[in-house]
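Asks: Here you go, this is target_27.pdb (PDB, N, CA and C atoms).
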```pdb
ATOM      1  N   MET A   1      42.220 -37.922 -18.633
ATOM      2  CA  MET A   1      41.938 -36.575 -19.075
ATOM      3  C   MET A   1      40.490 -36.421 -19.535
ATOM      4  N   ASN A   2      39.983 -37.444 -20.194
ATOM      5  CA  ASN A   2      38.619 -37.401 -20.701
ATOM      6  C   ASN A   2      37.625 -37.289 -19.552
ATOM      7  N   ASN A   3      37.909 -38.000 -18.473
ATOM      8  CA  ASN A   3      37.038 -37.967 -17.299
ATOM      9  C   ASN A   3      37.048 -36.564 -16.671
ATOM     10  N   THR A   4      38.214 -35.945 -16.608
ATOM     11  CA  THR A   4      38.333 -34.595 -16.055
ATOM     12  C   THR A   4      37.597 -33.589 -16.943
ATOM     13  N   GLY A   5      37.729 -33.756 -18.230
ATOM     14  CA  GLY A   5      37.032 -32.880 -19.171
ATOM     15  C   GLY A   5      35.524 -33.010 -19.037
ATOM     16  N   GLN A   6      35.060 -34.223 -18.851
ATOM     17  CA  GLN A   6      33.621 -34.464 -18.680
ATOM     18  C   GLN A   6      33.121 -33.838 -17.377
ATOM     19  N   GLN A   7      33.908 -33.977 -16.320
ATOM     20  CA  GLN A   7      33.535 -33.380 -15.033
ATOM     21  C   GLN A   7      33.486 -31.855 -15.145
ATOM     22  N   LEU A   8      34.458 -31.288 -15.863
ATOM     23  CA  LEU A   8      34.479 -29.839 -16.063
ATOM     24  C   LEU A   8      33.250 -29.384 -16.846
ATOM     25  N   LYS A   9      32.876 -30.157 -17.873
ATOM     26  CA  LYS A   9      31.678 -29.823 -18.661
ATOM     27  C   LYS A   9      30.427 -29.913 -17.789
ATOM     28  N   ASN A  10      30.344 -30.942 -16.935
ATOM     29  CA  ASN A  10      29.204 -31.091 -16.034
ATOM     30  C   ASN A  10      29.115 -29.900 -15.067
ATOM     31  N   ILE A  11      30.262 -29.479 -14.560
ATOM     32  CA  ILE A  11      30.291 -28.326 -13.649
ATOM     33  C   ILE A  11      29.827 -27.076 -14.373
ATOM     34  N   GLN A  12      30.300 -26.884 -15.612
ATOM     35  CA  GLN A  12      29.888 -25.711 -16.388
ATOM     36  C   GLN A  12      28.387 -25.738 -16.673
ATOM     37  N   ASP A  13      27.875 -26.911 -17.005
ATOM     38  CA  ASP A  13      26.433 -27.044 -17.263
ATOM     39  C   ASP A  13      25.622 -26.709 -16.013
ATOM     40  N   LYS A  14      26.079 -27.237 -14.878
ATOM     41  CA  LYS A  14      25.378 -26.959 -13.621
ATOM     42  C   LYS A  14      25.464 -25.481 -13.262
ATOM     43  N   LEU A  15      26.603 -24.886 -13.526
ATOM     44  CA  LEU A  15      26.768 -23.457 -13.258
ATOM     45  C   LEU A  15      25.821 -22.633 -14.129
ATOM     46  N   GLN A  16      25.707 -23.008 -15.406
ATOM     47  CA  GLN A  16      24.782 -22.309 -16.298
ATOM     48  C   GLN A  16      23.340 -22.464 -15.820
ATOM     49  N   GLN A  17      23.017 -23.651 -15.384
ATOM     50  CA  GLN A  17      21.666 -23.916 -14.888
ATOM     51  C   GLN A  17      21.401 -23.085 -13.624
ATOM     52  N   LEU A  18      22.383 -23.017 -12.725
ATOM     53  CA  LEU A  18      22.238 -22.214 -11.511
ATOM     54  C   LEU A  18      22.092 -20.732 -11.837
ATOM     55  N   LEU A  19      22.847 -20.262 -12.822
ATOM     56  CA  LEU A  19      22.739 -18.856 -13.226
ATOM     57  C   LEU A  19      21.355 -18.548 -13.798
ATOM     58  N   LYS A  20      20.817 -19.475 -14.582
ATOM     59  CA  LYS A  20      19.464 -19.286 -15.117
ATOM     60  C   LYS A  20      18.436 -19.256 -13.990
ATOM     61  N   GLN A  21      18.597 -20.173 -13.032
ATOM     62  CA  GLN A  21      17.680 -20.199 -11.895
ATOM     63  C   GLN A  21      17.800 -18.920 -11.073
ATOM     64  N   TYR A  22      19.031 -18.448 -10.884
ATOM     65  CA  TYR A  22      19.266 -17.216 -10.125
ATOM     66  C   TYR A  22      18.590 -16.032 -10.807
ATOM     67  N   THR A  23      18.723 -15.948 -12.116
ATOM     68  CA  THR A  23      18.087 -14.867 -12.872
ATOM     69  C   THR A  23      16.573 -14.940 -12.744
ATOM     70  N   ALA A  24      16.034 -16.147 -12.830
ATOM     71  CA  ALA A  24      14.586 -16.314 -12.700
ATOM     72  C   ALA A  24      14.114 -15.911 -11.301
ATOM     73  N   VAL A  25      14.870 -16.283 -10.292
ATOM     74  CA  VAL A  25      14.509 -15.928  -8.917
ATOM     75  C   VAL A  25      14.605 -14.415  -8.714
ATOM     76  N   GLN A  26      15.596 -13.788  -9.309
ATOM     77  CA  GLN A  26      15.714 -12.328  -9.216
ATOM     78  C   GLN A  26      14.505 -11.642  -9.852
ATOM     79  N   LYS A  27      14.091 -12.106 -11.009
ATOM     80  CA  LYS A  27      12.917 -11.528 -11.675
ATOM     81  C   LYS A  27      11.669 -11.713 -10.821
ATOM     82  N   GLU A  28      11.530 -12.919 -10.265
ATOM     83  CA  GLU A  28      10.377 -13.187  -9.409
ATOM     84  C   GLU A  28      10.408 -12.297  -8.173
ATOM     85  N   ASN A  29      11.587 -12.104  -7.613
ATOM     86  CA  ASN A  29      11.748 -11.249  -6.440
ATOM     87  C   ASN A  29      11.348  -9.809  -6.761
ATOM     88  N   GLN A  30      11.762  -9.298  -7.895
ATOM     89  CA  GLN A  30      11.390  -7.943  -8.306
ATOM     90  C   GLN A  30       9.884  -7.818  -8.477
ATOM     91  N   GLN A  31       9.285  -8.836  -9.085
ATOM     92  CA  GLN A  31       7.836  -8.820  -9.283
ATOM     93  C   GLN A  31       7.110  -8.831  -7.937
ATOM     94  N   LEU A  32       7.590  -9.659  -7.017
ATOM     95  CA  LEU A  32       6.972  -9.727  -5.693
ATOM     96  C   LEU A  32       7.142  -8.407  -4.936
ATOM     97  N   LYS A  33       8.272  -7.755  -5.109
ATOM     98  CA  LYS A  33       8.480  -6.453  -4.469
ATOM     99  C   LYS A  33       7.492  -5.423  -5.015
ATOM    100  N   LYS A  34       7.278  -5.462  -6.328
ATOM    101  CA  LYS A  34       6.305  -4.542  -6.936
ATOM    102  C   LYS A  34       4.902  -4.814  -6.398
ATOM    103  N   GLU A  35       4.546  -6.092  -6.301
ATOM    104  CA  GLU A  35       3.233  -6.451  -5.776
ATOM    105  C   GLU A  35       3.096  -6.016  -4.318
ATOM    106  N   LEU A  36       4.155  -6.204  -3.532
ATOM    107  CA  LEU A  36       4.141  -5.804  -2.129
ATOM    108  C   LEU A  36       3.949  -4.294  -2.011
ATOM    109  N   ASP A  37       4.670  -3.532  -2.827
ATOM    110  CA  ASP A  37       4.512  -2.080  -2.803
ATOM    111  C   ASP A  37       3.090  -1.681  -3.151
ATOM    112  N   SER A  38       2.530  -2.344  -4.148
ATOM    113  CA  SER A  38       1.169  -2.048  -4.571
ATOM    114  C   SER A  38       0.172  -2.351  -3.456
ATOM    115  N   VAL A  39       0.334  -3.497  -2.820
ATOM    116  CA  VAL A  39      -0.577  -3.891  -1.738
ATOM    117  C   VAL A  39      -0.428  -2.949  -0.546
ATOM    118  N   GLN A  40       0.818  -2.569  -0.233
ATOM    119  CA  GLN A  40       1.035  -1.644   0.878
ATOM    120  C   GLN A  40       0.412  -0.281   0.589
ATOM    121  N   GLU A  41       0.503   0.159  -0.646
ATOM    122  CA  GLU A  41      -0.104   1.434  -1.023
ATOM    123  C   GLU A  41      -1.630   1.363  -0.910
ATOM    124  N   LYS A  42      -2.207   0.253  -1.368
ATOM    125  CA  LYS A  42      -3.653   0.079  -1.257
ATOM    126  C   LYS A  42      -4.082   0.026   0.206
ATOM    127  N   LEU A  43      -3.305  -0.664   1.021
ATOM    128  CA  LEU A  43      -3.614  -0.757   2.445
ATOM    129  C   LEU A  43      -3.542   0.612   3.111
ATOM    130  N   SER A  44      -2.536   1.368   2.747
ATOM    131  CA  SER A  44      -2.399   2.716   3.290
ATOM    132  C   SER A  44      -3.598   3.578   2.895
ATOM    133  N   GLN A  45      -4.010   3.469   1.650
ATOM    134  CA  GLN A  45      -5.164   4.232   1.176
ATOM    135  C   GLN A  45      -6.433   3.797   1.905
ATOM    136  N   GLN A  46      -6.574   2.510   2.148
ATOM    137  CA  GLN A  46      -7.757   2.024   2.854
ATOM    138  C   GLN A  46      -7.768   2.501   4.308
ATOM    139  N   HIS A  47      -6.593   2.544   4.936
ATOM    140  CA  HIS A  47      -6.518   3.072   6.299
ATOM    141  C   HIS A  47      -6.908   4.553   6.315
ATOM    142  N   LYS A  48      -6.433   5.261   5.312
ATOM    143  CA  LYS A  48      -6.764   6.690   5.208
ATOM    144  C   LYS A  48      -8.276   6.864   5.014
ATOM    145  N   ASN A  49      -8.849   6.049   4.138
ATOM    146  CA  ASN A  49     -10.296   6.125   3.910
ATOM    147  C   ASN A  49     -11.078   5.773   5.172
ATOM    148  N   ALA A  50     -10.614   4.751   5.895
ATOM    149  CA  ALA A  50     -11.287   4.360   7.130
ATOM    150  C   ALA A  50     -11.235   5.490   8.155
ATOM    151  N   GLU A  51     -10.095   6.146   8.253
ATOM    152  CA  GLU A  51      -9.970   7.263   9.198
ATOM    153  C   GLU A  51     -10.901   8.409   8.797
ATOM    154  N   GLU A  52     -10.983   8.692   7.504
ATOM    155  CA  GLU A  52     -11.887   9.744   7.030
ATOM    156  C   GLU A  52     -13.337   9.385   7.351
ATOM    157  N   LEU A  53     -13.692   8.134   7.163
ATOM    158  CA  LEU A  53     -15.056   7.698   7.466
ATOM    159  C   LEU A  53     -15.347   7.800   8.962
ATOM    160  N   LYS A  54     -14.375   7.461   9.791
ATOM    161  CA  LYS A  54     -14.551   7.600  11.238
ATOM    162  C   LYS A  54     -14.782   9.063  11.608
ATOM    163  N   GLN A  55     -14.036   9.942  10.962
ATOM    164  CA  GLN A  55     -14.212  11.373  11.228
ATOM    165  C   GLN A  55     -15.607  11.831  10.802
ATOM    166  N   GLN A  56     -16.054  11.351   9.661
ATOM    167  CA  GLN A  56     -17.386  11.724   9.195
ATOM    168  C   GLN A  56     -18.456  11.216  10.151
ATOM    169  N   VAL A  57     -18.286  10.004  10.643
ATOM    170  CA  VAL A  57     -19.244   9.455  11.603
ATOM    171  C   VAL A  57     -19.260  10.304  12.866
ATOM    172  N   SER A  58     -18.086  10.705  13.333
ATOM    173  CA  SER A  58     -18.013  11.539  14.535
ATOM    174  C   SER A  58     -18.731  12.865  14.322
ATOM    175  N   VAL A  59     -18.505  13.465  13.170
ATOM    176  CA  VAL A  59     -19.150  14.752  12.878
ATOM    177  C   VAL A  59     -20.665  14.564  12.792
ATOM    178  N   LEU A  60     -21.103  13.488  12.149
ATOM    179  CA  LEU A  60     -22.542  13.238  12.036
ATOM    180  C   LEU A  60     -23.171  12.990  13.404
ATOM    181  N   LYS A  61     -22.468  12.261  14.249
ATOM    182  CA  LYS A  61     -22.983  12.025  15.598
ATOM    183  C   LYS A  61     -23.068  13.337  16.374
ATOM    184  N   MET A  62     -22.046  14.161  16.200
ATOM    185  CA  MET A  62     -22.032  15.443  16.911
ATOM    186  C   MET A  62     -23.206  16.307  16.441
ATOM    187  N   ASN A  63     -23.436  16.331  15.150
ATOM    188  CA  ASN A  63     -24.531  17.133  14.608
ATOM    189  C   ASN A  63     -25.892  16.578  15.013
ATOM    190  N   ALA A  64     -25.982  15.268  15.098
ATOM    191  CA  ALA A  64     -27.253  14.643  15.441
ATOM    192  C   ALA A  64     -27.504  14.667  16.944
ATOM    193  N   GLY A  65     -26.486  14.985  17.699
ATOM    194  CA  GLY A  65     -26.644  15.029  19.147
ATOM    195  C   GLY A  65     -26.664  13.654  19.779
ATOM    196  N   GLY A  66     -26.230  12.650  19.070
ATOM    197  CA  GLY A  66     -26.285  11.289  19.580
ATOM    198  C   GLY A  66     -24.979  10.826  20.202
ATOM    199  N   MET A  67     -24.142  11.760  20.619
ATOM    200  CA  MET A  67     -22.855  11.364  21.194
ATOM    201  C   MET A  67     -22.964  11.239  22.713
ATOM    202  N   SER A  68     -22.306  10.223  23.220
ATOM    203  CA  SER A  68     -22.217  10.083  24.670
ATOM    204  C   SER A  68     -21.136  11.045  25.169
ATOM    205  N   GLU A  69     -21.033  11.179  26.456
ATOM    206  CA  GLU A  69     -20.028  12.074  27.034
ATOM    207  C   GLU A  69     -18.615  11.620  26.655
ATOM    208  N   ALA A  70     -18.385  10.322  26.683
ATOM    209  CA  ALA A  70     -17.066   9.795  26.317
ATOM    210  C   ALA A  70     -16.755  10.104  24.855
ATOM    211  N   ASP A  71     -17.760   9.945  23.987
ATOM    212  CA  ASP A  71     -17.565  10.258  22.573
ATOM    213  C   ASP A  71     -17.285  11.740  22.374
ATOM    214  N   LYS A  72     -17.986  12.586  23.118
ATOM    215  CA  LYS A  72     -17.769  14.034  23.012
ATOM    216  C   LYS A  72     -16.355  14.399  23.429
ATOM    217  N   LYS A  73     -15.886  13.802  24.526
ATOM    218  CA  LYS A  73     -14.535  14.093  24.990
ATOM    219  C   LYS A  73     -13.501  13.626  23.964
ATOM    220  N   GLU A  74     -13.718  12.456  23.396
ATOM    221  CA  GLU A  74     -12.799  11.943  22.377
ATOM    222  C   GLU A  74     -12.810  12.849  21.149
ATOM    223  N   PHE A  75     -13.988  13.309  20.757
ATOM    224  CA  PHE A  75     -14.117  14.219  19.622
ATOM    225  C   PHE A  75     -13.388  15.530  19.896
ATOM    226  N   GLU A  76     -13.545  16.051  21.098
ATOM    227  CA  GLU A  76     -12.866  17.293  21.465
ATOM    228  C   GLU A  76     -11.353  17.103  21.483
ATOM    229  N   LYS A  77     -10.879  15.960  21.961
ATOM    230  CA  LYS A  77      -9.448  15.669  21.954
ATOM    231  C   LYS A  77      -8.920  15.626  20.521
ATOM    232  N   ARG A  78      -9.678  14.982  19.630
ATOM    233  CA  ARG A  78      -9.267  14.892  18.233
ATOM    234  C   ARG A  78      -9.198  16.280  17.601
ATOM    235  N   ILE A  79     -10.192  17.101  17.874
ATOM    236  CA  ILE A  79     -10.181  18.470  17.338
ATOM    237  C   ILE A  79      -8.996  19.240  17.901
ATOM    238  N   SER A  80      -8.720  19.049  19.177
ATOM    239  CA  SER A  80      -7.590  19.715  19.806
ATOM    240  C   SER A  80      -6.274  19.290  19.144
ATOM    241  N   ARG A  81      -6.137  17.998  18.866
ATOM    242  CA  ARG A  81      -4.918  17.519  18.191
ATOM    243  C   ARG A  81      -4.787  18.143  16.805
ATOM    244  N   TYR A  82      -5.908  18.217  16.080
ATOM    245  CA  TYR A  82      -5.874  18.827  14.750
ATOM    246  C   TYR A  82      -5.464  20.290  14.834
ATOM    247  N   LEU A  83      -6.001  21.008  15.817
ATOM    248  CA  LEU A  83      -5.654  22.419  15.957
ATOM    249  C   LEU A  83      -4.172  22.588  16.292
ATOM    250  N   LYS A  84      -3.650  21.737  17.157
ATOM    251  CA  LYS A  84      -2.221  21.792  17.490
ATOM    252  C   LYS A  84      -1.376  21.511  16.255
ATOM    253  N   GLU A  85      -1.798  20.536  15.465
ATOM    254  CA  GLU A  85      -1.062  20.212  14.251
ATOM    255  C   GLU A  85      -1.114  21.365  13.255
ATOM    256  N   ILE A  86      -2.258  22.014  13.139
ATOM    257  CA  ILE A  86      -2.392  23.173  12.256
ATOM    258  C   ILE A  86      -1.498  24.303  12.738
ATOM    259  N   ASP A  87      -1.502  24.543  14.053
ATOM    260  CA  ASP A  87      -0.638  25.587  14.613
ATOM    261  C   ASP A  87       0.836  25.284  14.343
ATOM    262  N   ARG A  88       1.220  24.023  14.484
ATOM    263  CA  ARG A  88       2.600  23.634  14.221
ATOM    264  C   ARG A  88       2.948  23.859  12.757
ATOM    265  N   CYS A  89       2.031  23.522  11.863
ATOM    266  CA  CYS A  89       2.267  23.732  10.423
ATOM    267  C   CYS A  89       2.398  25.213  10.104
ATOM    268  N   ILE A  90       1.566  26.039  10.716
ATOM    269  CA  ILE A  90       1.632  27.489  10.500
ATOM    270  C   ILE A  90       2.961  28.019  11.011
ATOM    271  N   ALA A  91       3.417  27.511  12.155
ATOM    272  CA  ALA A  91       4.700  27.956  12.702
ATOM    273  C   ALA A  91       5.839  27.565  11.766
ATOM    274  N   LEU A  92       5.762  26.385  11.194
ATOM    275  CA  LEU A  92       6.808  25.945  10.256
ATOM    276  C   LEU A  92       6.794  26.786   8.986
ATOM    277  N   LEU A  93       5.610  27.175   8.545
ATOM    278  CA  LEU A  93       5.517  28.018   7.356
ATOM    279  C   LEU A  93       6.067  29.414   7.625
ATOM    280  N   GLY A  94       5.939  29.861   8.876
ATOM    281  CA  GLY A  94       6.405  31.192   9.241
ATOM    282  C   GLY A  94       7.918  31.283   9.362
ATOM    283  N   GLU A  95       8.600  30.159   9.437
ATOM    284  CA  GLU A  95      10.066  30.171   9.606
ATOM    285  C   GLU A  95      10.780  30.526   8.330
TER     286      GLU A  95
END
```
Show me, as structure tokens, the structure contained in the file I just sent.

Replies:
Amino acid sequence: MNNTGQQLKNIQDKLQQLLKQYTAVQKENQQLKKELDSVQEKLSQQHKNAEELKQQVSVLKMNAGGMSEADKKEFEKRISRYLKEIDRCIALLGE
């Protein structure tokens, strides 16, 4: 009986240790999720900033007259997409 009692105590101790480890891993997982969200948000903001800078460069090139024909066509396509998106937004607002 003493041996069985000792084995039961060992199992309980190991279970407590596993529960503590599980709790620690859960906390670490939550922290990593928060960090991931933060990094993803920063990355999204940087992509947005990069796109804005590309647009500014395009506008500056257009104003300076330093655009090649391919650049002009790409710029016109981008403006066309923006106008279509604006028209779509206006249509949605009108509903």

Asks: For CA of Val25 (chain A) and CA of Ser38 (chain A), quote the distance in Å rounded to one decimal.

Replies: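 Rounded to one decimal, the two atoms are 19.7 Å apart.
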
Asks: Hey, what's within 7 Å of region 74-79 of chain A if we count all atoms listed in the file and toss same-chain stuff fewer than 5 positions away? As a tab-separated table (two decimals) with N, CA and C atoms, in the coordinates of the input, please?

Replies:
```
chain	number	residue	atom	x	y	z
A	58	SER	N	-18.09	10.70	13.33
A	58	SER	CA	-18.01	11.54	14.54
A	58	SER	C	-18.73	12.86	14.32
A	69	GLU	N	-21.03	11.18	26.46
A	69	GLU	CA	-20.03	12.07	27.03
A	69	GLU	C	-18.61	11.62	26.66
A	84	LYS	N	-3.65	21.74	17.16
A	84	LYS	CA	-2.22	21.79	17.49
A	84	LYS	C	-1.38	21.51	16.26
```

Asks: So how many Å separate CA of Val57 (chain A) and CA of Asp71 (chain A), to one decimal?

Replies: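 Pair CA of Val57 (chain A) / CA of Asp71 (chain A) returns 11.1 Å.
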
Asks: One decimal, Å: what's the distance from CA of Lys72 (chain A) over to CA of Gln46 (chain A), could you say?

Replies: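 It comes out at 25.5 Å.
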